[in-house]
$ cat target-v2.cif   # mmCIF, C-alpha atoms and all ligand atoms
data_final
loop_
_atom_site.label_atom_id
_atom_site.label_comp_id
_atom_site.auth_asym_id
_atom_site.auth_seq_id
_atom_site.Cartn_x
_atom_site.Cartn_y
_atom_site.Cartn_z
CA MET U 274 0.00 0.00 0.00
CA ALA U 275 1.08 3.59 -0.46
CA ARG U 276 2.07 5.14 2.83
CA ARG U 277 2.41 8.92 3.22
CA MET U 278 6.03 9.95 3.59
CA LEU U 279 7.08 11.46 6.92
CA VAL U 280 10.11 13.72 7.24
CA ALA U 281 10.88 14.42 10.89
CA GLY U 282 13.71 16.47 12.36
CA ASN U 283 15.32 15.86 15.73
CA TRP U 284 16.95 18.99 17.12
CA LYS U 285 18.52 17.05 20.03
CA MET U 286 20.19 19.50 22.47
CA HIS U 287 20.27 22.35 19.97
CA GLY U 288 18.22 25.50 19.60
CA LEU U 289 17.48 28.76 21.38
CA GLY U 290 14.66 31.25 20.90
CA ALA U 291 16.81 33.03 18.31
CA ASP U 292 16.60 29.90 16.10
CA LEU U 293 12.81 29.90 15.83
CA GLY U 294 13.05 31.77 12.51
CA GLU U 295 14.29 28.48 11.03
CA VAL U 296 11.19 26.73 12.37
CA THR U 297 8.97 29.35 10.72
CA MET U 298 10.75 28.92 7.38
CA ILE U 299 10.49 25.13 7.61
CA SER U 300 6.78 25.52 8.41
CA MET U 301 6.27 27.60 5.26
CA ALA U 302 8.01 24.93 3.16
CA ALA U 303 5.94 22.19 4.83
CA GLU U 304 2.75 24.04 3.86
CA LYS U 305 3.89 24.03 0.22
CA ASN U 306 4.63 20.28 0.37
CA ARG U 307 1.44 18.92 1.86
CA ARG U 308 1.80 15.57 0.10
CA VAL U 309 4.22 14.63 2.90
CA ASP U 310 3.97 14.85 6.67
CA THR U 311 6.61 17.03 8.33
CA ALA U 312 7.56 17.25 12.01
CA LEU U 313 10.26 18.69 14.24
CA CYS U 314 11.12 17.16 17.62
CA MET U 315 12.33 20.03 19.76
CA PRO U 316 14.13 20.43 23.07
CA ALA U 317 11.54 20.87 25.85
CA THR U 318 12.36 24.57 26.28
CA LEU U 319 11.27 25.31 22.70
CA LEU U 320 8.25 23.02 22.35
CA HIS U 321 5.65 25.67 23.10
CA ARG U 322 7.20 28.47 21.08
CA ALA U 323 7.97 26.18 18.14
CA ALA U 324 4.35 24.95 18.08
CA ALA U 325 3.19 28.58 17.95
CA ALA U 326 5.73 29.42 15.22
CA ALA U 327 4.91 26.40 13.06
CA PRO U 328 1.25 26.07 12.12
CA GLY U 329 2.27 24.15 8.98
CA PHE U 330 3.44 20.96 10.63
CA ASP U 331 3.72 18.93 13.83
CA ILE U 332 6.01 19.69 16.76
CA GLY U 333 7.08 16.94 19.12
CA GLY U 334 9.27 15.93 22.05
CA GLN U 335 12.39 13.79 22.00
CA ASP U 336 11.34 11.32 24.70
CA VAL U 337 8.45 10.87 27.12
CA HIS U 338 8.02 9.27 30.54
CA PRO U 339 5.49 6.42 30.88
CA GLU U 340 3.90 7.85 34.05
CA LYS U 341 1.48 10.77 34.21
CA GLY U 342 3.55 12.67 36.76
CA GLY U 343 5.65 12.31 39.87
CA ALA U 344 9.20 12.46 41.17
CA HIS U 345 11.05 11.99 37.86
CA THR U 346 13.63 14.75 37.64
CA GLY U 347 14.51 15.75 34.10
CA GLU U 348 11.64 13.83 32.48
CA ILE U 349 8.62 15.06 30.51
CA SER U 350 5.10 13.58 30.46
CA VAL U 351 2.63 12.97 27.63
CA ASP U 352 0.33 15.69 28.98
CA MET U 353 3.22 18.18 29.18
CA ILE U 354 4.07 17.62 25.52
CA LYS U 355 0.41 18.01 24.53
CA ASP U 356 -0.03 21.06 26.77
CA ALA U 357 2.90 22.73 25.00
CA GLY U 358 1.28 22.10 21.60
CA GLY U 359 3.17 18.91 20.73
CA ALA U 360 1.57 16.15 18.67
CA LEU U 361 4.27 13.49 18.69
CA THR U 362 7.35 12.19 20.43
CA ILE U 363 10.42 10.15 19.68
CA VAL U 364 11.07 7.16 21.96
CA GLY U 365 14.04 4.80 22.09
CA HIS U 366 16.61 7.04 20.44
CA SER U 367 20.04 5.40 20.81
CA GLU U 368 21.32 8.52 22.61
CA ARG U 369 18.54 8.11 25.24
CA ARG U 370 18.92 4.33 25.41
CA GLU U 371 22.60 4.84 26.17
CA ALA U 372 22.52 7.96 28.39
CA CYS U 373 19.62 6.73 30.55
CA GLY U 374 20.13 2.96 30.38
CA GLN U 375 16.67 2.49 28.88
CA SER U 376 15.77 -1.13 28.17
CA ASP U 377 13.53 -2.30 25.34
CA GLY U 378 10.78 -2.80 27.94
CA ASP U 379 11.15 0.81 29.15
CA ILE U 380 10.78 1.99 25.59
CA ALA U 381 7.68 -0.14 24.98
CA ALA U 382 6.13 1.44 28.11
CA ARG U 383 7.01 4.96 26.91
CA ALA U 384 5.55 4.26 23.47
CA ALA U 385 2.38 2.76 24.99
CA ALA U 386 1.85 5.80 27.24
CA ALA U 387 2.36 8.21 24.35
CA LEU U 388 -0.04 6.35 22.05
CA SER U 389 -2.73 5.95 24.69
CA GLY U 390 -2.39 9.66 25.51
CA GLY U 391 -3.06 10.55 21.87
CA LEU U 392 0.44 11.37 20.61
CA HIS U 393 2.08 10.02 17.47
CA VAL U 394 5.26 8.05 18.18
CA ILE U 395 8.55 7.59 16.33
CA LEU U 396 10.18 4.49 17.86
CA CYS U 397 13.92 4.22 17.11
CA VAL U 398 15.99 1.07 16.67
CA GLY U 399 19.49 0.54 15.32
CA GLU U 400 22.71 -1.43 15.69
CA SER U 401 26.23 -0.46 16.74
CA LEU U 402 29.21 -0.78 14.42
CA ASP U 403 30.40 -3.92 16.24
CA VAL U 404 27.09 -5.65 15.64
CA ARG U 405 27.07 -4.60 11.97
CA GLU U 406 30.63 -5.81 11.44
CA ALA U 407 29.86 -9.14 13.14
CA GLY U 408 27.07 -9.68 10.59
CA ASN U 409 24.34 -9.63 13.24
CA ALA U 410 22.61 -6.34 12.37
CA VAL U 411 19.32 -7.68 11.00
CA GLU U 412 18.88 -10.20 13.81
CA ARG U 413 19.73 -7.63 16.52
CA VAL U 414 17.56 -4.82 15.18
CA THR U 415 14.50 -6.97 14.45
CA SER U 416 14.61 -8.44 17.96
CA GLN U 417 15.12 -4.95 19.40
CA LEU U 418 12.01 -3.81 17.53
CA LYS U 419 9.87 -6.74 18.69
CA ALA U 420 10.91 -6.15 22.32
CA SER U 421 10.31 -2.36 22.11
CA LEU U 422 6.86 -2.49 20.48
CA PRO U 423 3.88 -1.53 22.62
CA ALA U 424 0.91 -3.95 22.64
CA ASP U 425 -1.81 -3.28 20.03
CA PRO U 426 -0.46 0.05 18.73
CA ASP U 427 -2.51 2.27 16.44
CA PRO U 428 -0.51 1.76 13.21
CA ASN U 429 -1.55 5.17 11.91
CA ARG U 430 0.18 6.88 14.84
CA LEU U 431 3.29 4.71 15.04
CA ALA U 432 6.43 5.10 12.92
CA ILE U 433 9.65 3.13 13.29
CA ALA U 434 12.99 4.84 12.66
CA TYR U 435 15.92 2.62 11.67
CA GLU U 436 18.97 4.56 12.84
CA PRO U 437 22.26 2.63 12.63
CA ILE U 438 24.32 4.10 15.48
CA TRP U 439 27.45 4.23 13.32
CA ALA U 440 25.63 6.49 10.83
CA ILE U 441 24.36 9.05 13.35
CA GLY U 442 26.18 12.37 13.06
CA THR U 443 29.14 10.72 11.33
CA GLY U 444 28.48 11.58 7.69
CA LYS U 445 28.49 7.79 7.00
CA VAL U 446 25.18 6.77 5.45
CA ALA U 447 24.00 3.18 5.22
CA GLY U 448 23.96 2.08 1.58
CA PRO U 449 20.68 1.49 -0.28
CA GLU U 450 21.15 -2.28 -0.05
CA GLU U 451 21.77 -2.21 3.71
CA ILE U 452 18.75 0.06 4.19
CA GLY U 453 16.54 -2.05 1.90
CA GLU U 454 17.50 -5.30 3.65
CA MET U 455 16.87 -3.84 7.11
CA HIS U 456 13.60 -2.09 6.27
CA SER U 457 12.22 -5.21 4.65
CA ALA U 458 13.24 -7.27 7.72
CA LEU U 459 11.59 -4.67 9.98
CA ARG U 460 8.38 -4.85 7.92
CA GLY U 461 8.51 -8.63 8.38
CA ALA U 462 9.05 -8.28 12.13
CA LEU U 463 6.11 -5.87 12.36
CA SER U 464 3.99 -8.33 10.45
CA GLU U 465 4.89 -11.17 12.83
CA SER U 466 4.11 -9.01 15.86
CA LEU U 467 1.06 -7.06 14.67
CA GLY U 468 -0.32 -8.96 11.67
CA ALA U 469 0.25 -8.08 8.02
CA GLU U 470 -2.59 -5.58 7.67
CA CYS U 471 -1.47 -3.51 10.65
CA ALA U 472 2.23 -3.78 9.74
CA ASP U 473 1.52 -2.45 6.27
CA LYS U 474 0.30 0.86 7.71
CA VAL U 475 3.32 1.55 9.95
CA ARG U 476 5.85 3.93 8.42
CA ILE U 477 9.52 2.97 8.58
CA LEU U 478 11.90 5.93 8.46
CA TYR U 479 15.64 5.88 7.92
CA GLY U 480 17.90 8.06 10.08
CA GLY U 481 21.65 8.64 10.07
CA SER U 482 23.43 11.44 8.18
CA VAL U 483 20.48 12.11 5.85
CA ASN U 484 20.95 15.32 3.86
CA GLY U 485 19.70 17.07 0.75
CA ASP U 486 22.20 15.23 -1.45
CA ASN U 487 21.46 11.65 -0.38
CA ALA U 488 17.72 11.90 0.42
CA GLU U 489 16.53 11.09 -3.10
CA THR U 490 18.55 7.84 -3.20
CA ILE U 491 17.39 6.81 0.28
CA PHE U 492 13.72 7.58 -0.45
CA ALA U 493 13.87 5.42 -3.59
CA VAL U 494 14.56 2.30 -1.47
CA ASP U 495 11.61 -0.08 -0.91
CA ASN U 496 9.96 0.23 2.49
CA VAL U 497 11.53 3.64 3.20
CA ASP U 498 8.63 5.88 4.18
CA GLY U 499 10.61 8.96 5.18
CA ALA U 500 13.51 10.08 7.33
CA LEU U 501 14.45 11.08 10.86
CA VAL U 502 17.01 13.84 10.46
CA GLY U 503 19.40 15.27 13.04
CA GLY U 504 22.00 17.84 11.97
CA ALA U 505 20.39 18.71 8.66
CA SER U 506 17.07 19.56 10.36
CA LEU U 507 18.54 22.54 12.21
CA SER U 508 18.26 24.96 9.31
CA ALA U 509 15.62 25.48 6.65
CA ALA U 510 18.37 25.64 4.00
CA LYS U 511 19.36 22.03 4.77
CA PHE U 512 16.02 20.55 5.84
CA VAL U 513 13.71 21.87 3.12
CA PRO U 514 15.52 20.00 0.29
CA ILE U 515 14.88 16.74 2.21
CA ILE U 516 11.17 17.59 2.50
CA GLU U 517 11.13 18.38 -1.22
CA ALA U 518 12.84 15.08 -2.07
CA ALA U 519 10.12 13.22 -0.14
CA SER U 520 7.45 15.29 -1.84
CA ALA U 521 8.90 14.44 -5.26
CA ARG U 522 8.52 10.70 -4.40
CA SER U 523 4.90 11.24 -3.45
CA VAL U 524 3.55 12.55 -6.77
O1 LIG U 601 20.03 10.70 15.32
C1 LIG U 601 19.54 11.16 14.29
C2 LIG U 601 18.14 11.60 14.24
O2 LIG U 601 17.43 11.17 15.35
C3 LIG U 601 20.36 11.32 13.07
O3 LIG U 601 21.24 12.36 13.28
P1 LIG U 601 22.09 12.93 12.03
O4 LIG U 601 21.11 13.19 10.91
O5 LIG U 601 22.75 14.17 12.56
O6 LIG U 601 23.05 11.85 11.65
#

$ encode --input "target-v2.cif" --output "structure tokens"
Amino acid sequence: MARRMLVAGNWKMHGLGADLGEVTMISMAAEKNRRVDTALCMPATLLHRAAAAAPGFDIGGQDVHPEKGGAHTGEISVDMIKDAGGALTIVGHSERREACGQSDGDIAARAAAALSGGLHVILCVGESLDVREAGNAVERVTSQLKASLPADPDPNRLAIAYEPIWAIGTGKVAGPEEIGEMHSALRGALSESLGAECADKVRILYGGSVNGDNAETIFAVDNVDGALVGGASLSAAKFVPIIEAASARSV
């Protein structure tokens, strides 16, 4: 089936109020490219202002806590993201898995809370260089996905992002064959966990050094339904060409 492309940016720990002009420019480009869904996942301090500056697309958080509230220093809840104007959140990013020691089960709980609270979710999976070089990438990432999936997710509000850790922020992009093999294996894993009909609706994004020069090649790979973009999402000049490349695939 034809899935709508999703191009999402992850600003990580970047961005001050002075950078909101970029968000406004990206919003204007998103409005001109309505064949694709566009989103930016912002640091918590900018969620509210970015949502106000960007009527043309969705703003989201970069992680979310499974509980409604409580003594969880440094965390953010589903209701806080929604209250600030957010519509989605990333969960399971390798930088959060590593920095906070999050297990696959923790990530499934975070995804479940976000979905049941009405947010869209981008659930990240990906292998380290050691695992890739040992030839175990597909096995590791598909089992990571199965263990991180929430029960009975709404497939229209869940996207998976395949982000090989060795490709994040390094300028090294996975090749089309590596991406195609992994995305097809992830579609298969979704089908085993959720059933074929549900799996077919879930978008699978690629992330890791995506830019305006390589986006067209990546988007041409089977089962690639968009991208999760770090560095190149920080400016309209770099992010808009990626949105346009997705839009060109969606004619
Ligand atoms: O981690 C990423 C997005 O979540 C990818 O980051 P880069 O696009 O900077 O490699």

$ residues_near_ligand --input "target-v2.cif" --ligand "ligand LIG 601 (chain U)" --cutoff "7 Å" --atoms "all atoms listed in the file" --output "PyMOL selection string"
chain U and resi 282-283+366+436+440-444+480-483+501-505

$ residues_around --input "target-v2.cif" --residues "segment 306-319 of chain U" --least-positions-apart "6" --cutoff "7 Å" --atoms "only C-alpha atoms" --output "list in words"
Arg277, Met278, Leu279, Val280, Ala281, Gly282, Asn283, Trp284, Lys285, Met286, Phe330, Asp331, Ile332, Gly333, Gly334, Gln335, Thr362, Glu517, Ala519, Ser520 and Ser523 of chain U

$ closest_residue --input "target-v2.cif" --among "U:Asp379, U:Glu304, U:Glu371, U:Glu489" --to "Glu340 of chain U" --atoms "all atoms listed in the file"
U:Asp379

$ atom_distance --input "target-v2.cif" --atom1 "atom CA of Trp439 of chain U" --atom2 "atom CA of Ile452 of chain U"
13.3 Å

$ residues_around --input "target-v2.cif" --residues "Val494 of chain U" --least-positions-apart "6" --cutoff "9 Å" --atoms "all atoms listed in the file" --output "list in words"
Pro449, Glu450, Ile452, Gly453 and His456 of chain U

$ closest_residue --input "target-v2.cif" --among "U:Asp377, U:Asp498, U:Glu451, U:Asp292" --to "Asp473 of chain U" --atoms "all atoms listed in the file"
U:Asp498

$ residues_around --input "target-v2.cif" --residues "segment 457-463 of chain U" --least-positions-apart "3" --cutoff "7 Å" --atoms "only C-alpha atoms" --output "MDAnalysis selection string"
chainID U and resid 411 415 419 453:454 466:467 472 496

$ closest_residue --input "target-v2.cif" --among "U:Arg430, U:Arg370, U:Arg476, U:Arg413" --to "Val394 of chain U" --atoms "all atoms listed in the file"
U:Arg430

$ residues_around --input "target-v2.cif" --residues "Leu431 of chain U" --least-positions-apart "2" --cutoff "9 Å" --atoms "all atoms listed in the file" --output "MDAnalysis selection string"
chainID U and resid 384 388 393:396 426:429 433 474:476

$ closest_residue --input "target-v2.cif" --among "U:Glu348, U:Asp425, U:Glu368, U:Asp486" --to "Ser401 of chain U" --atoms "only C-alpha atoms"
U:Glu368
